[in-house]
Structures are given as structure tokens and as C-alpha cells.
Amino acid sequence: MNTFRALRILNEQVVNCGRCPRLVAWREEVARVKRSAFRAEDYWGKPITGFGDPKARVLIVGLAPAAHGGNRTGRVFTGDRSGDFLYAALHRAGFANQPTSVHKRDGLRLTDCYITACVRCAPPANKPAPEERDNCLPFVAAELRLLPNVRVIVCLGSFAWDGVLRVLDSMGFAHRPRPRFGHGAEATVGPYVLLGCYHPSQQNTFTGRLTEAMLDAVLSRARELMS
Ligand code: SF4
């Protein structure tokens, strides 16, 4: 089976998943009530899949979709400030054909880059429970198995760093001592190099904890390592 077809089948499983009752109830409630600015829109209200180039050498992993971002638009990091910051950087780094990510049919294409999240349903207060994380991480493992060219994994935030280490552990790539997360942290685990990067949340980007230059440096390092 080719990668495109295998990813499509996996993505169908993701979209139809209802393993976490709390998150199913929350994502659907948010989609029903909506934010007033988006009242006229139909929210997605389902799990979000990974997105990008099946031949990617760089995998970017986030935490979970935002209630009125990915949970509204149906695409990872699309329709919120975090996505604006991330995709602008991906465009500067040559991984994205455009700097904006507004909705699913906006023409965005990624080259050599695939984006996913540890948890696929928007969680209340952006905080999934440990069992919800554990329910969902096998989808990242499945993606890694279907993306044979991935060499570099950029982890956006400590939650993603920890989640990716758990995934790699489950795939037999244990690493002791366990590498610590930090912005710019680097760790080789099995065939992958993990890169740590602060999450492009508004909290980080508005306060200057994560600047454009800092994110550009991580993506530049990812490009160096992927070849
Ligand atoms: S968070 Fe993941 S495992 Fe839980 S219901 Fe959503 S898609 Fe399924």
C-alpha cells in the first residue's frame, strides 16, 4: 500500500475516534456554542489529523488543536494566532508555500515537513489528562511508521517533547537518561533527532519568550539536520 493511501486510512481512523469521552463532549460543545466572531461558521468539532508532505524529513509536533482554531477549521494550527506565527516561520524557512493558514482550502502546501499533535481533540484549558494523552499518542507512532523519511522531530513545548519520547519508547527507541526539554535542546533517539522549541502560543509569543528569530533558528537547525 502506498503512503498516501495508508495515511488516508489512518486519518479516517483519527477523525472517527471517540476514545476520550471528556474530549468528545468538549470538542462538540465548543462547536455548538461557538465564539461570537465565528458564529456564521460551521465548526469542524472532530479530531484533527496530521497535515503535510508524506515525503517529509521534518515532523513538527504540537500539543492539541485550539478550541476555536483547529477545532473550528479542521486543520492543525489553522485559524489561530499560534498557527499564524508557526506558518509564517515555515514559509520563511521554505517549508510552506504561503505564510498564512486560514482554512482547509486556502491553498497551503508543505514541502519536506509534516505537522501533527500529541492529542487530536481540543481539550478544556489546553490541558489533556494523562490517560487522554496516552489514548492518542499511538496515532503519532502510526504516523511516524508511515513517514519513512522523517529524520528530525521538532517538539513544540515540553508536552510534545515528553509525548514524542513516550512514542519513541513505545517503538523500541528508549533513551536513558531521559533528555530534558528546553528551547534549542537537541537529542538523538533511535534514528531521529529531537529538537525542542517553545510552543508558539500567544502566551509565549506576546511576551517575547518565543520570538520569530528563535523559531527561525530552530527551523534552520532542522534543515541542517535533515539532510
Ligand atoms: S483525543 Fe485522540 S484518542 Fe481521544 S478521542 Fe480524540 S482522537 Fe481519540
# chains A, B, ... in the order shown; residues from 1 in each chain; ligands from 1
>>> closest_atom_pairs(of="region 88-123 of chain A", to="region 5-26 of chain A", cutoff="12 Å", atoms="only C-alpha atoms", output="CSV")
residue,atom,partner,partner_atom,distance
A:Tyr114,CA,A:Leu7,CA,11.7
A:Thr116,CA,A:Asn11,CA,11.2
A:Ala117,CA,A:Val14,CA,11.6
A:Cys118,CA,A:Val14,CA,12.0
A:Val119,CA,A:Leu23,CA,9.9
A:Arg120,CA,A:Val14,CA,7.7
A:Cys121,CA,A:Leu23,CA,6.1
A:Ala122,CA,A:Leu23,CA,6.8
A:Pro123,CA,A:Leu23,CA,5.8
>>> residues_around(residues="region 95-100 of chain A", least_positions_apart="4", cutoff="9 Å", atoms="only C-alpha atoms", output="list in words")
Thr78, Gly83, Asp84, Phe85, Leu86, Tyr87, Ala88, Ala89, Leu90, His91, Asp106, Gly107, Leu108, Arg109, Leu110, Thr111, Asp112 and Cys113 of chain A
>>> residues_around(residues="Pro200 (chain A)", least_positions_apart="3", cutoff="12 Å", atoms="only C-alpha atoms", output="PyMOL selection string")
chain A and resi 61-63+77+80-89+155-157+183+197+203-212+214-216
>>> select_by_dssp(residues="region 110-220 of chain A", states="strand (DSSP E or B)", output="JSON, numbers by chain")
{"A": [110, 113, 114, 115, 116, 117, 152, 153, 154, 155, 156, 186, 187, 188, 189, 192, 193, 194, 195, 196, 197]}
>>> residues_around(residues="region 161-165 of chain A", least_positions_apart="6", cutoff="10 Å", atoms="only C-alpha atoms", output="PyMOL selection string")
chain A and resi 61-63+117-119+133-134+136-137+140-141+153-155+171+173-175+178-182+185+189+194-197
>>> closest_residue(among="A:Gly79, A:Pro124, A:Pro148, A:Gly94", to="Pro54 (chain A)", atoms="only C-alpha atoms")
A:Pro148
>>> closest_residue(among="A:Leu219, A:Ile48, A:Val58, A:Ala160", to="ligand 1", atoms="only C-alpha atoms and all ligand atoms")
A:Ile48
>>> atom_distance(atom1="CA of Val150 (chain A)", atom2="CA of Leu59 (chain A)")
6.4 Å
>>> closest_residue(among="A:Ala64, A:Ala93, A:Leu147, A:Val152", to="ligand 1", atoms="only C-alpha atoms and all ligand atoms")
A:Ala64
>>> closest_residue(among="A:Arg72, A:Glu131, A:Glu28, A:Lys55", to="Glu41 (chain A)", atoms="only C-alpha atoms")
A:Arg72
>>> closest_residue(among="A:Val167, A:Ala40, A:Ile60, A:Ala129", to="ligand 1", atoms="only C-alpha atoms and all ligand atoms")
A:Ala129
>>> select_by_dssp(residues="region 38-114 of chain A", states="alpha helix (DSSP H)", output="MDAnalysis selection string")
chainID A and resid 70:73 81:92
>>> write_last_selection(atoms="N, CA and C atoms", output="PDB file, in the first residue's frame")
ATOM      1  N   GLY A  70      -7.943  24.856  15.326  1.00  0.00           N
ATOM      2  CA  GLY A  70      -8.093  23.582  14.620  1.00  0.00           C
ATOM      3  C   GLY A  70      -9.460  22.947  14.808  1.00  0.00           C
ATOM      4  N   ASN A  71     -10.047  23.103  15.985  1.00  0.00           N
ATOM      5  CA  ASN A  71     -11.363  22.507  16.229  1.00  0.00           C
ATOM      6  C   ASN A  71     -12.455  23.191  15.401  1.00  0.00           C
ATOM      7  N   ARG A  72     -12.156  24.401  14.955  1.00  0.00           N
ATOM      8  CA  ARG A  72     -13.105  25.138  14.092  1.00  0.00           C
ATOM      9  C   ARG A  72     -12.835  24.844  12.618  1.00  0.00           C
ATOM     10  N   THR A  73     -11.550  24.911  12.228  1.00  0.00           N
ATOM     11  CA  THR A  73     -11.219  24.832  10.799  1.00  0.00           C
ATOM     12  C   THR A  73     -10.983  23.400  10.316  1.00  0.00           C
ATOM     13  N   ARG A  81      -3.819  32.268  16.391  1.00  0.00           N
ATOM     14  CA  ARG A  81      -2.577  33.048  16.433  1.00  0.00           C
ATOM     15  C   ARG A  81      -1.333  32.155  16.443  1.00  0.00           C
ATOM     16  N   SER A  82      -1.420  31.011  17.106  1.00  0.00           N
ATOM     17  CA  SER A  82      -0.267  30.096  17.126  1.00  0.00           C
ATOM     18  C   SER A  82       0.077  29.661  15.708  1.00  0.00           C
ATOM     19  N   GLY A  83      -0.967  29.332  14.954  1.00  0.00           N
ATOM     20  CA  GLY A  83      -0.771  28.911  13.569  1.00  0.00           C
ATOM     21  C   GLY A  83      -0.211  30.039  12.718  1.00  0.00           C
ATOM     22  N   ASP A  84      -0.708  31.265  12.949  1.00  0.00           N
ATOM     23  CA  ASP A  84      -0.181  32.420  12.186  1.00  0.00           C
ATOM     24  C   ASP A  84       1.333  32.513  12.382  1.00  0.00           C
ATOM     25  N   PHE A  85       1.754  32.370  13.625  1.00  0.00           N
ATOM     26  CA  PHE A  85       3.179  32.512  13.958  1.00  0.00           C
ATOM     27  C   PHE A  85       3.987  31.359  13.356  1.00  0.00           C
ATOM     28  N   LEU A  86       3.450  30.147  13.493  1.00  0.00           N
ATOM     29  CA  LEU A  86       4.182  28.965  13.016  1.00  0.00           C
ATOM     30  C   LEU A  86       4.293  28.938  11.495  1.00  0.00           C
ATOM     31  N   TYR A  87       3.174  29.148  10.803  1.00  0.00           N
ATOM     32  CA  TYR A  87       3.228  29.015   9.345  1.00  0.00           C
ATOM     33  C   TYR A  87       4.019  30.159   8.696  1.00  0.00           C
ATOM     34  N   ALA A  88       4.002  31.327   9.315  1.00  0.00           N
ATOM     35  CA  ALA A  88       4.846  32.419   8.783  1.00  0.00           C
ATOM     36  C   ALA A  88       6.312  31.996   8.850  1.00  0.00           C
ATOM     37  N   ALA A  89       6.692  31.348   9.953  1.00  0.00           N
ATOM     38  CA  ALA A  89       8.080  30.881  10.097  1.00  0.00           C
ATOM     39  C   ALA A  89       8.374  29.748   9.105  1.00  0.00           C
ATOM     40  N   LEU A  90       7.425  28.859   8.922  1.00  0.00           N
ATOM     41  CA  LEU A  90       7.637  27.759   7.965  1.00  0.00           C
ATOM     42  C   LEU A  90       7.793  28.304   6.547  1.00  0.00           C
ATOM     43  N   HIS A  91       7.083  29.361   6.254  1.00  0.00           N
ATOM     44  CA  HIS A  91       7.217  29.988   4.931  1.00  0.00           C
ATOM     45  C   HIS A  91       8.598  30.624   4.793  1.00  0.00           C
ATOM     46  N   ARG A  92       9.038  31.338   5.831  1.00  0.00           N
ATOM     47  CA  ARG A  92      10.386  31.953   5.772  1.00  0.00           C
ATOM     48  C   ARG A  92      11.461  30.881   5.606  1.00  0.00           C
TER      49      ARG A  92
END
>>> closest_residue(among="A:Pro138, A:Ser101, A:Met1, A:Gly69", to="ligand 1", atoms="only C-alpha atoms and all ligand atoms")
A:Pro138
